[in-house]
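For reference, start39.csv (CSV, C-alpha atoms):
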```csv
chain,number,residue,atom,x,y,z
A,1,MET,CA,15.6,-11.2,18.7
A,2,ILE,CA,14.6,-8.3,16.5
A,3,LEU,CA,15.3,-10.3,13.4
A,4,LEU,CA,13.0,-13.1,14.5
A,5,GLU,CA,10.4,-10.6,15.5
A,6,LEU,CA,10.6,-8.9,12.1
A,7,PHE,CA,10.4,-12.2,10.2
A,8,LEU,CA,7.5,-13.6,12.2
A,9,SER,CA,5.5,-10.3,12.1
A,10,PHE,CA,5.9,-10.0,8.3
A,11,LEU,CA,5.3,-13.8,7.9
A,12,GLU,CA,1.9,-13.3,9.7
A,13,ILE,CA,1.1,-10.3,7.5
A,14,GLY,CA,1.9,-12.2,4.3
A,15,ALA,CA,-0.1,-15.2,5.5
A,16,VAL,CA,-3.3,-13.4,6.2
A,17,SER,CA,-3.3,-10.8,3.4
A,18,PHE,CA,-5.2,-11.2,0.2
A,19,GLY,CA,-5.5,-8.7,-2.5
A,20,GLY,CA,-1.9,-7.5,-2.9
A,21,GLY,CA,0.2,-4.8,-1.4
A,22,TYR,CA,-2.4,-2.1,-0.9
A,23,ALA,CA,-4.6,-4.5,1.0
A,24,MET,CA,-1.6,-5.3,3.3
A,25,ILE,CA,-0.9,-1.6,4.2
A,26,PRO,CA,-3.4,-1.4,7.2
A,27,LEU,CA,-2.0,-4.7,8.6
A,28,ILE,CA,1.6,-3.6,8.2
A,29,MET,CA,0.8,-0.2,9.9
A,30,GLU,CA,-1.0,-2.0,12.8
A,31,LYS,CA,2.0,-4.3,13.4
A,32,VAL,CA,4.7,-1.6,13.0
A,33,THR,CA,3.0,0.8,15.3
A,34,ALA,CA,2.1,-1.9,17.9
A,35,HIS,CA,5.7,-3.0,18.0
A,36,GLY,CA,6.8,0.6,18.3
A,37,TRP,CA,9.1,0.3,15.3
A,38,MET,CA,7.9,3.7,14.0
A,39,SER,CA,5.2,6.3,14.3
A,40,GLU,CA,2.2,6.4,12.0
A,41,GLU,CA,3.7,9.5,10.3
A,42,ASP,CA,7.0,7.7,9.7
A,43,PHE,CA,5.1,4.7,8.4
A,44,LEU,CA,3.1,6.9,5.9
A,45,ASN,CA,6.4,8.3,4.7
A,46,ILE,CA,7.6,4.8,4.1
A,47,VAL,CA,4.5,4.0,2.2
A,48,ALA,CA,5.1,7.1,0.0
A,49,VAL,CA,8.7,6.0,-0.7
A,50,ALA,CA,7.6,2.4,-1.2
A,51,GLU,CA,5.0,3.5,-3.7
A,52,SER,CA,7.4,5.6,-5.7
A,53,THR,CA,10.1,2.9,-6.0
A,54,PRO,CA,10.0,0.0,-8.4
A,55,GLY,CA,8.4,-3.2,-7.1
A,56,PRO,CA,5.4,-4.2,-5.1
A,57,ILE,CA,4.5,-1.7,-2.4
A,58,ALA,CA,4.2,-4.3,0.5
A,59,ILE,CA,7.5,-5.8,-0.3
A,60,ASN,CA,9.2,-2.4,-0.5
A,61,ALA,CA,7.6,-1.3,2.7
A,62,ALA,CA,8.7,-4.5,4.5
A,63,THR,CA,12.2,-4.0,3.2
A,64,PHE,CA,12.4,-0.4,4.3
A,65,ILE,CA,10.9,-1.2,7.7
A,66,GLY,CA,13.2,-4.1,8.3
A,67,SER,CA,16.2,-2.0,7.2
A,68,SER,CA,15.2,0.8,9.6
A,69,GLN,CA,15.1,-1.7,12.5
A,70,ALA,CA,18.0,-4.0,11.9
A,71,GLY,CA,19.9,-2.9,8.8
A,72,PHE,CA,20.5,-5.4,5.9
A,73,LEU,CA,19.6,-8.5,7.9
A,74,GLY,CA,16.4,-6.8,9.1
A,75,ALA,CA,15.4,-5.9,5.6
A,76,LEU,CA,16.1,-9.5,4.5
A,77,CYS,CA,14.1,-11.0,7.3
A,78,ALA,CA,11.1,-8.8,6.8
A,79,THR,CA,11.1,-9.2,3.0
A,80,VAL,CA,11.4,-13.0,3.2
A,81,GLY,CA,8.7,-13.1,5.8
A,82,VAL,CA,6.2,-11.1,3.8
A,83,VAL,CA,7.0,-13.0,0.5
A,84,LEU,CA,7.2,-16.6,1.8
A,85,PRO,CA,3.4,-17.3,2.4
A,86,ALA,CA,2.5,-16.0,-1.1
A,87,LEU,CA,5.3,-18.0,-2.7
A,88,ILE,CA,4.2,-21.2,-0.9
A,89,ILE,CA,0.6,-20.6,-1.8
A,90,ILE,CA,1.4,-19.9,-5.5
A,91,LEU,CA,3.5,-23.0,-5.7
A,92,LEU,CA,0.7,-25.1,-4.2
A,93,ILE,CA,-1.8,-23.6,-6.5
A,94,ALA,CA,0.4,-24.2,-9.6
A,95,ALA,CA,1.2,-27.8,-8.6
A,96,ILE,CA,-2.1,-29.0,-7.1
A,97,VAL,CA,-5.0,-26.8,-7.1
A,98,ARG,CA,-5.1,-25.1,-10.5
A,99,ASN,CA,-8.0,-27.4,-11.8
A,100,LEU,CA,-10.1,-26.5,-8.7
A,101,ILE,CA,-11.1,-23.1,-10.1
A,102,LYS,CA,-13.9,-24.7,-12.2
A,103,TYR,CA,-15.7,-25.9,-9.1
A,104,LYS,CA,-18.5,-23.7,-7.7
A,105,PRO,CA,-17.4,-23.6,-4.0
A,106,VAL,CA,-14.0,-22.4,-5.1
A,107,GLN,CA,-15.5,-19.7,-7.3
A,108,ALA,CA,-17.9,-18.7,-4.4
A,109,PHE,CA,-14.9,-18.5,-2.1
A,110,LEU,CA,-13.0,-16.2,-4.5
A,111,ALA,CA,-16.2,-14.1,-5.1
A,112,GLY,CA,-16.5,-13.6,-1.4
A,113,LEU,CA,-12.9,-12.4,-1.1
A,114,ARG,CA,-13.3,-9.8,-3.8
A,115,PRO,CA,-15.5,-7.3,-1.8
A,116,CYS,CA,-13.2,-7.7,1.2
A,117,ILE,CA,-10.1,-6.9,-0.9
A,118,VAL,CA,-11.8,-3.8,-2.5
A,119,GLY,CA,-12.8,-2.7,1.0
A,120,LEU,CA,-9.3,-3.0,2.3
A,121,ILE,CA,-7.9,-1.0,-0.6
A,122,ILE,CA,-10.5,1.7,-0.3
A,123,SER,CA,-9.9,2.0,3.5
A,124,THR,CA,-6.2,2.3,2.9
A,125,GLY,CA,-6.8,5.1,0.4
A,126,PHE,CA,-9.2,6.8,2.7
A,127,LEU,CA,-6.8,6.5,5.6
A,128,LEU,CA,-4.0,8.1,3.5
A,129,LEU,CA,-6.4,10.9,2.4
A,130,LEU,CA,-7.5,11.7,5.9
A,131,LYS,CA,-4.0,11.6,7.4
A,132,ASN,CA,-2.0,13.3,4.7
A,133,LEU,CA,-4.3,15.8,3.2
A,134,ILE,CA,-6.9,16.6,5.8
A,135,GLY,CA,-4.7,16.1,8.9
A,136,ILE,CA,-7.0,13.7,10.8
A,137,SER,CA,-5.4,10.7,12.4
A,138,SER,CA,-8.2,9.7,14.7
A,139,VAL,CA,-11.6,10.8,15.9
A,140,PRO,CA,-10.2,11.8,19.3
A,141,GLY,CA,-7.5,13.7,17.5
A,142,VAL,CA,-10.1,15.8,15.7
A,143,ILE,CA,-11.9,16.6,18.9
A,144,ASP,CA,-8.7,17.4,20.8
A,145,SER,CA,-6.7,19.3,18.2
A,146,GLY,CA,-9.0,20.2,15.3
A,147,ILE,CA,-8.4,19.6,11.6
A,148,ARG,CA,-5.2,20.8,10.0
A,149,PRO,CA,-5.5,20.4,6.3
A,150,ASP,CA,-2.4,20.3,4.2
A,151,PHE,CA,-3.3,22.8,1.5
A,152,ARG,CA,-0.1,22.1,-0.5
A,153,GLY,CA,-0.9,18.4,-0.6
A,154,ILE,CA,-4.5,19.2,-1.7
A,155,VAL,CA,-3.1,21.4,-4.5
A,156,ILE,CA,-0.8,18.6,-5.6
A,157,LEU,CA,-3.6,16.1,-5.6
A,158,ALA,CA,-5.8,18.5,-7.6
A,159,LEU,CA,-3.1,19.2,-10.2
A,160,LEU,CA,-2.4,15.4,-10.6
A,161,VAL,CA,-6.1,14.7,-11.1
A,162,ALA,CA,-6.4,17.6,-13.6
A,163,ALA,CA,-3.3,16.4,-15.5
A,164,ASN,CA,-4.6,12.9,-15.6
A,165,PHE,CA,-8.0,14.0,-16.9
A,166,ALA,CA,-6.4,16.4,-19.5
A,167,PHE,CA,-4.2,13.6,-20.7
A,168,TRP,CA,-7.1,11.2,-20.9
A,169,LEU,CA,-9.1,13.8,-22.9
A,170,SER,CA,-6.2,14.6,-25.2
A,171,THR,CA,-5.8,10.9,-26.1
A,172,HIS,CA,-9.5,10.7,-27.0
A,173,LYS,CA,-10.3,8.8,-23.8
A,174,LYS,CA,-8.0,5.9,-24.6
A,175,ARG,CA,-5.1,6.3,-22.1
A,176,LYS,CA,-4.4,7.6,-18.7
A,177,PHE,CA,-1.4,9.7,-17.6
A,178,PRO,CA,1.6,7.2,-17.4
A,179,PRO,CA,2.2,6.4,-13.7
A,180,ILE,CA,6.0,7.1,-13.8
A,181,LEU,CA,5.3,10.6,-15.2
A,182,MET,CA,2.7,11.1,-12.5
A,183,ILE,CA,5.3,10.2,-9.8
A,184,ILE,CA,7.8,12.5,-11.4
A,185,PHE,CA,5.3,15.3,-11.7
A,186,ALA,CA,4.2,14.8,-8.1
A,187,ALA,CA,7.9,14.9,-6.9
A,188,ILE,CA,8.5,18.1,-8.8
A,189,LEU,CA,5.4,19.7,-7.4
A,190,GLY,CA,6.4,18.5,-3.9
A,191,MET,CA,9.9,20.1,-4.3
A,192,LEU,CA,8.3,23.4,-5.5
A,193,LEU,CA,5.5,23.6,-3.0
A,194,TYR,CA,7.3,22.3,0.1
```
As structure tokens, please, write out the structure in this file.
Amino acid sequence: MILLELFLSFLEIGAVSFGGGYAMIPLIMEKVTAHGWMSEEDFLNIVAVAESTPGPIAINAATFIGSSQAGFLGALCATVGVVLPALIIILLIAAIVRNLIKYKPVQAFLAGLRPCIVGLIISTGFLLLLKNLIGISSVPGVIDSGIRPDFRGIVILALLVAANFAFWLSTHKKRKFPPILMIIFAAILGMLLY
């Protein structure tokens, strides 16, 4: 039963998500916490691990969540569920619809989706910032328990931003800090500060 539940939940997420993995994170979090598969804190840890491993973040998160619930078969069901809608849509677009992009209604549809996708990505980043660095999980949580900022996390973020900016300046504003080095630097800082 859990395998079917994982497959259908991630199939729904994959079917209604536009904009890639970061736009899917709020939907995945909503499903995972609604089913009681993990807490918000555990989910945010999964997001951190999924971000730092190779591959798309939503697929990695689905794989980790499925694995935590039902082992290898759970990982397989969740991963296939989240990938299947995009695979079908891409195959349809490649086979049938690719010439439709020149039509104004299709362009208007895509133009209307862009702000929504940007909003989903920004809200995900904002949620991660509030939860992980400032310690706010909800407005009632602020009123009940106050704000508990994670000063070590704030220091790590500040050092990463400074390193990225210094690298950008040192390359005459042509390149940003390589993401893999950023992840390694953040991991080292995490080990030192935590």
Distance query range 68-84 of chain A at most 8 Å, all atoms listed in the file, self and fewer than 3 positions along chain excluded, as a VMD selection string: chain A and resid 2 to 4 6 to 15 37 58 to 60 62 to 65 87 to 88
Point-to-point distance in Å for CA of Thr124 in chain A and CA of Ala23 in chain A: 7.2 Å
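Rounded to one decimal, CA of Asn164 in chain A and CA of Phe177 in chain A lie 4.9 Å from each other.
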Quick one: pull the distance between CA of Phe185 in chain A and CA of Phe126 in chain A, Å, one decimal. 22.1 Å
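The set of protein, DNA and RNA residues with any counted atom at most 12 Å from (7.4, 4.0, 0.6) (only C-alpha atoms) reads Gly21, Tyr22, Ile25, Glu41, Asp42, Phe43, Leu44, Asn45, Ile46, Val47, Ala48, Val49, Ala50, Glu51, Ser52, Thr53, Pro54, Gly55, Pro56, Ile57, Ala58, Ile59, Asn60, Ala61, Ala62, Thr63, Phe64 and Ile65 of chain A.
Each of A:Met1, A:Val118, A:Leu127, A:Ala94 was compared to Glu40 in chain A using only C-alpha atoms, and A:Leu127 turns out to be the nearest.
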